[in-house]
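What follows is input.txt (compact mmCIF, C-alpha atoms).
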# COMPACT_ATOMS: atom_id res chain seq x y z
CA CYS M 356 111.25 120.77 116.71
CA ARG M 357 115.05 120.56 116.78
CA THR M 358 117.45 121.13 113.93
CA VAL M 359 121.20 121.16 113.39
CA ARG M 360 120.89 124.29 111.25
CA GLU M 361 122.73 127.25 112.74
CA HIS M 362 121.05 130.66 112.99
CA SER M 363 123.15 132.04 110.12
CA GLU M 364 122.60 129.03 107.80
CA LEU M 365 120.03 128.76 105.02
CA LEU M 366 118.59 125.49 103.68
CA THR M 367 119.05 125.48 99.90
CA ALA M 368 118.19 121.90 98.92
CA VAL M 369 116.71 118.65 100.13
CA ARG M 370 118.08 115.45 98.60
CA ILE M 371 116.01 112.31 98.48
CA THR M 372 117.89 109.16 97.57
CA ARG M 373 116.60 106.95 94.77
CA GLU M 374 115.76 104.05 97.13
CA ASN M 375 113.35 106.36 98.96
CA TYR M 376 111.17 107.05 95.90
CA GLU M 377 111.81 104.48 93.17
CA GLY M 378 108.93 101.99 93.00
CA PHE M 379 106.80 103.92 95.49
CA GLY M 380 103.38 105.43 94.97
CA GLY M 381 101.56 107.71 97.33
CA HIS M 382 98.62 109.86 98.15
CA TYR M 383 97.84 112.80 100.43
CA ILE M 384 94.41 113.56 101.83
CA LYS M 385 93.69 116.95 103.36
CA TYR M 386 90.52 117.30 105.37
CA GLY M 387 89.21 120.83 105.74
CA LYS M 388 85.92 122.63 105.85
CA ARG M 389 86.28 124.23 102.42
CA GLU M 390 88.23 123.81 99.20
CA ALA M 391 89.92 127.21 99.28
CA MET M 392 93.31 127.84 100.87
CA GLU M 393 92.95 126.80 104.45
CA ILE M 394 94.90 125.18 107.22
CA ALA M 395 93.91 121.53 107.31
CA THR M 396 91.79 120.10 110.12
CA MET M 397 93.62 116.83 109.46
CA GLY M 398 96.03 115.60 106.79
CA CYS M 399 97.38 112.14 106.02
CA ALA M 400 100.06 111.05 103.54
CA VAL M 401 100.87 107.46 102.62
CA HIS M 402 103.92 106.48 100.55
CA ILE M 403 103.94 102.77 99.69
CA LYS M 404 106.01 100.27 97.76
CA LEU M 405 104.36 96.96 96.90
CA SER M 406 106.04 93.62 96.37
CA ALA M 407 107.02 92.67 92.80
CA ASP M 408 103.83 90.61 92.44
CA LYS M 409 101.73 93.49 93.89
CA THR M 410 100.24 91.32 96.65
CA SER M 411 101.95 92.63 99.77
CA VAL M 412 103.57 95.68 101.36
CA GLU M 413 107.31 95.89 100.78
CA ASP M 414 107.76 99.30 102.41
CA VAL M 415 105.44 102.04 103.64
CA ARG M 416 105.52 105.47 105.21
CA ILE M 417 102.49 106.94 106.96
CA ALA M 418 102.50 110.57 108.07
CA PHE M 419 99.92 112.84 109.66
CA GLY M 420 99.67 116.58 109.94
CA VAL M 421 97.58 118.14 112.70
CA ALA M 422 97.40 114.78 114.51
CA ALA M 423 99.99 115.84 117.07
CA PRO M 424 101.62 119.11 118.10
CA THR M 425 103.95 118.70 115.07
CA PRO M 426 103.68 116.63 111.85
CA MET M 427 104.52 113.02 112.60
CA ARG M 428 105.22 109.62 111.12
CA CYS M 429 103.65 106.43 112.43
CA THR M 430 106.89 104.46 112.42
CA LYS M 431 105.67 101.62 114.68
CA THR M 432 102.70 101.02 112.40
CA GLU M 433 104.95 101.16 109.33
CA GLU M 434 107.21 98.44 110.74
CA CYS M 435 104.25 96.33 111.85
CA VAL M 436 102.61 96.17 108.42
CA LYS M 437 105.68 95.58 106.24
CA GLY M 438 105.30 92.23 104.50
CA MET M 439 101.54 92.01 105.11
CA ALA M 440 99.19 90.96 102.32
CA LEU M 441 96.89 93.56 100.77
CA ASP M 442 93.71 92.56 102.59
CA GLN M 443 91.34 93.58 105.37
CA GLU M 444 93.83 92.47 108.03
CA LEU M 445 96.30 95.07 106.70
CA LEU M 446 93.67 97.81 106.83
CA ASN M 447 92.71 96.84 110.38
CA ALA M 448 96.37 96.84 111.49
CA VAL M 449 97.00 100.27 109.96
CA GLY M 450 93.83 101.71 111.51
CA LYS M 451 94.59 100.34 114.96
CA GLY M 452 98.27 101.27 114.78
CA VAL M 453 97.85 104.89 113.79
CA LEU M 454 95.21 105.46 116.45
CA GLU M 455 97.73 104.27 119.04
CA GLU M 456 100.49 106.52 117.65
CA VAL M 457 98.77 109.82 116.90
CA ASN M 458 98.21 112.28 119.71
CA PRO M 459 95.93 115.02 118.38
CA ARG M 460 95.05 118.02 120.46
CA THR M 461 91.96 120.16 120.67
CA SER M 462 92.22 123.51 118.95
CA TRP M 463 89.84 126.07 117.48
CA ARG M 464 89.80 124.01 114.24
CA ALA M 465 88.69 120.68 115.73
CA SER M 466 88.53 118.70 118.93
CA ARG M 467 90.88 115.85 119.80
CA GLU M 468 87.94 113.43 119.62
CA PHE M 469 86.96 114.62 116.13
CA ARG M 470 90.53 114.20 114.86
CA LEU M 471 90.78 110.70 116.28
Just dump the structure as structure tokens.
Amino acid sequence: CRTVREHSELLTAVRITRENYEGFGGHYIKYGKREAMEIATMGCAVHIKLSADKTSVEDVRIAFGVAAPTPMRCTKTEECVKGMALDQELLNAVGKGVLEEVNPRTSWRASREFRL
């Protein structure tokens, strides 16, 4: 992972602009073997903004942890599903898209095949 932070610099704040949260709703799912503190086997976060009439996707962000060597967003899938109606076709497109974008690896926690 690359950063512009210099060795002597300290991050003190993260600013999120209003257009990146206003009107959005979201959910995070952590899959692990137990409820206690644990590193996730897989984690998925979805941040979505629906159209004014609540029938289609206006904007969406889909992110996975432990689905690649570093946390990642499925930006191609996000772009593909913007404007789609809330129906089975949307769910199929998201499912197919994220499977094409994620690149999980096998580790002691879970195999690549299990994560897919």
Can you tell me, as a compact mmCIF listing (two decimals) with C-alpha atoms, in the frame of the given file, what residues are no more than 6 Å from segment 397-411 of chain M when counting all atoms listed in the file, ignoring any on the same chain fewer than 5 positions away?
# COMPACT_ATOMS: atom_id res chain seq x y z
CA GLY M 378 108.93 101.99 93.00
CA PHE M 379 106.80 103.92 95.49
CA GLY M 380 103.38 105.43 94.97
CA GLY M 381 101.56 107.71 97.33
CA HIS M 382 98.62 109.86 98.15
CA TYR M 383 97.84 112.80 100.43
CA ILE M 384 94.41 113.56 101.83
CA LYS M 385 93.69 116.95 103.36
CA TYR M 386 90.52 117.30 105.37
CA ARG M 416 105.52 105.47 105.21
CA ILE M 417 102.49 106.94 106.96
CA ALA M 418 102.50 110.57 108.07
CA PHE M 419 99.92 112.84 109.66
CA GLY M 420 99.67 116.58 109.94
CA VAL M 421 97.58 118.14 112.70
CA GLY M 438 105.30 92.23 104.50
CA MET M 439 101.54 92.01 105.11
CA ALA M 440 99.19 90.96 102.32
CA LEU M 441 96.89 93.56 100.77
From M:Thr367, M:Ser466, M:Thr432, M:Thr396, residue lying nearest Lys451 of chain M [all atoms listed in the file]
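Closest residue, counting all atoms listed in the file: M:Thr432.
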Between M:Val359, M:Leu454, M:Ile394, M:Val449, which one has atoms that come closest to Val415 of chain M, using only C-alpha atoms?
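The answer is M:Val449, which sits nearest to Val415 of chain M.
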Counting only C-alpha atoms, figure out which residue out of M:Val412, M:Trp463, M:Phe469, M:Pro424 gets nearest to Leu446 of chain M.
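Closest candidate: M:Val412.
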Which residue out of M:Cys435, M:Arg467, M:Asn375, M:Thr358 has the minimum interatomic distance to Val453 of chain M when only C-alpha atoms are used?
M:Cys435
Regenerate segment 441-458 of chain M at the level of N, CA, C and O atoms and dump it as an mmCIF file, keeping the file's coordinate frame.
data_model
loop_
_atom_site.group_PDB
_atom_site.id
_atom_site.type_symbol
_atom_site.label_atom_id
_atom_site.label_comp_id
_atom_site.auth_asym_id
_atom_site.auth_seq_id
_atom_site.Cartn_x
_atom_site.Cartn_y
_atom_site.Cartn_z
ATOM 1 N N LEU M 441 97.844 92.478 101.005
ATOM 2 C CA LEU M 441 96.890 93.560 100.770
ATOM 3 C C LEU M 441 95.483 93.029 101.003
ATOM 4 O O LEU M 441 94.807 92.566 100.083
ATOM 5 N N ASP M 442 95.032 93.071 102.245
ATOM 6 C CA ASP M 442 93.710 92.560 102.590
ATOM 7 C C ASP M 442 93.141 93.333 103.776
ATOM 8 O O ASP M 442 93.737 94.306 104.249
ATOM 9 N N GLN M 443 92.006 92.889 104.268
ATOM 10 C CA GLN M 443 91.340 93.580 105.370
ATOM 11 C C GLN M 443 92.186 93.573 106.643
ATOM 12 O O GLN M 443 92.161 94.529 107.415
ATOM 13 N N GLU M 444 92.964 92.533 106.854
ATOM 14 C CA GLU M 444 93.830 92.470 108.030
ATOM 15 C C GLU M 444 94.846 93.614 108.025
ATOM 16 O O GLU M 444 95.139 94.211 109.066
ATOM 17 N N LEU M 445 95.379 93.935 106.845
ATOM 18 C CA LEU M 445 96.300 95.070 106.700
ATOM 19 C C LEU M 445 95.602 96.368 107.076
ATOM 20 O O LEU M 445 96.128 97.167 107.851
ATOM 21 N N LEU M 446 94.407 96.583 106.539
ATOM 22 C CA LEU M 446 93.670 97.810 106.830
ATOM 23 C C LEU M 446 93.369 97.937 108.321
ATOM 24 O O LEU M 446 93.491 99.015 108.904
ATOM 25 N N ASN M 447 92.985 96.833 108.949
ATOM 26 C CA ASN M 447 92.710 96.840 110.380
ATOM 27 C C ASN M 447 93.968 97.177 111.183
ATOM 28 O O ASN M 447 93.922 97.940 112.147
ATOM 29 N N ALA M 448 95.105 96.596 110.784
ATOM 30 C CA ALA M 448 96.370 96.840 111.490
ATOM 31 C C ALA M 448 96.801 98.298 111.361
ATOM 32 O O ALA M 448 97.262 98.904 112.330
ATOM 33 N N VAL M 449 96.643 98.858 110.167
ATOM 34 C CA VAL M 449 97.000 100.270 109.960
ATOM 35 C C VAL M 449 96.077 101.154 110.804
ATOM 36 O O VAL M 449 96.542 102.049 111.517
ATOM 37 N N GLY M 450 94.782 100.906 110.746
ATOM 38 C CA GLY M 450 93.830 101.710 111.510
ATOM 39 C C GLY M 450 94.107 101.673 113.000
ATOM 40 O O GLY M 450 94.150 102.718 113.667
ATOM 41 N N LYS M 451 94.313 100.498 113.529
ATOM 42 C CA LYS M 451 94.590 100.340 114.960
ATOM 43 C C LYS M 451 95.929 100.982 115.319
ATOM 44 O O LYS M 451 96.040 101.694 116.324
ATOM 45 N N GLY M 452 96.933 100.747 114.503
ATOM 46 C CA GLY M 452 98.270 101.270 114.780
ATOM 47 C C GLY M 452 98.334 102.778 114.813
ATOM 48 O O GLY M 452 98.903 103.367 115.740
ATOM 49 N N VAL M 453 97.754 103.430 113.813
ATOM 50 C CA VAL M 453 97.850 104.890 113.790
ATOM 51 C C VAL M 453 97.065 105.524 114.923
ATOM 52 O O VAL M 453 97.476 106.540 115.482
ATOM 53 N N LEU M 454 95.958 104.909 115.321
ATOM 54 C CA LEU M 454 95.210 105.460 116.450
ATOM 55 C C LEU M 454 96.004 105.380 117.745
ATOM 56 O O LEU M 454 95.847 106.210 118.642
ATOM 57 N N GLU M 455 96.880 104.380 117.860
ATOM 58 C CA GLU M 455 97.730 104.270 119.040
ATOM 59 C C GLU M 455 98.896 105.263 118.990
ATOM 60 O O GLU M 455 99.386 105.687 120.030
ATOM 61 N N GLU M 456 99.323 105.651 117.784
ATOM 62 C CA GLU M 456 100.490 106.520 117.650
ATOM 63 C C GLU M 456 100.178 108.009 117.608
ATOM 64 O O GLU M 456 100.973 108.810 118.083
ATOM 65 N N VAL M 457 99.065 108.381 117.008
ATOM 66 C CA VAL M 457 98.770 109.820 116.900
ATOM 67 C C VAL M 457 98.326 110.362 118.251
ATOM 68 O O VAL M 457 97.779 109.632 119.075
ATOM 69 N N ASN M 458 98.575 111.631 118.455
ATOM 70 C CA ASN M 458 98.210 112.280 119.710
ATOM 71 C C ASN M 458 97.657 113.665 119.397
ATOM 72 O O ASN M 458 98.292 114.673 119.682
#
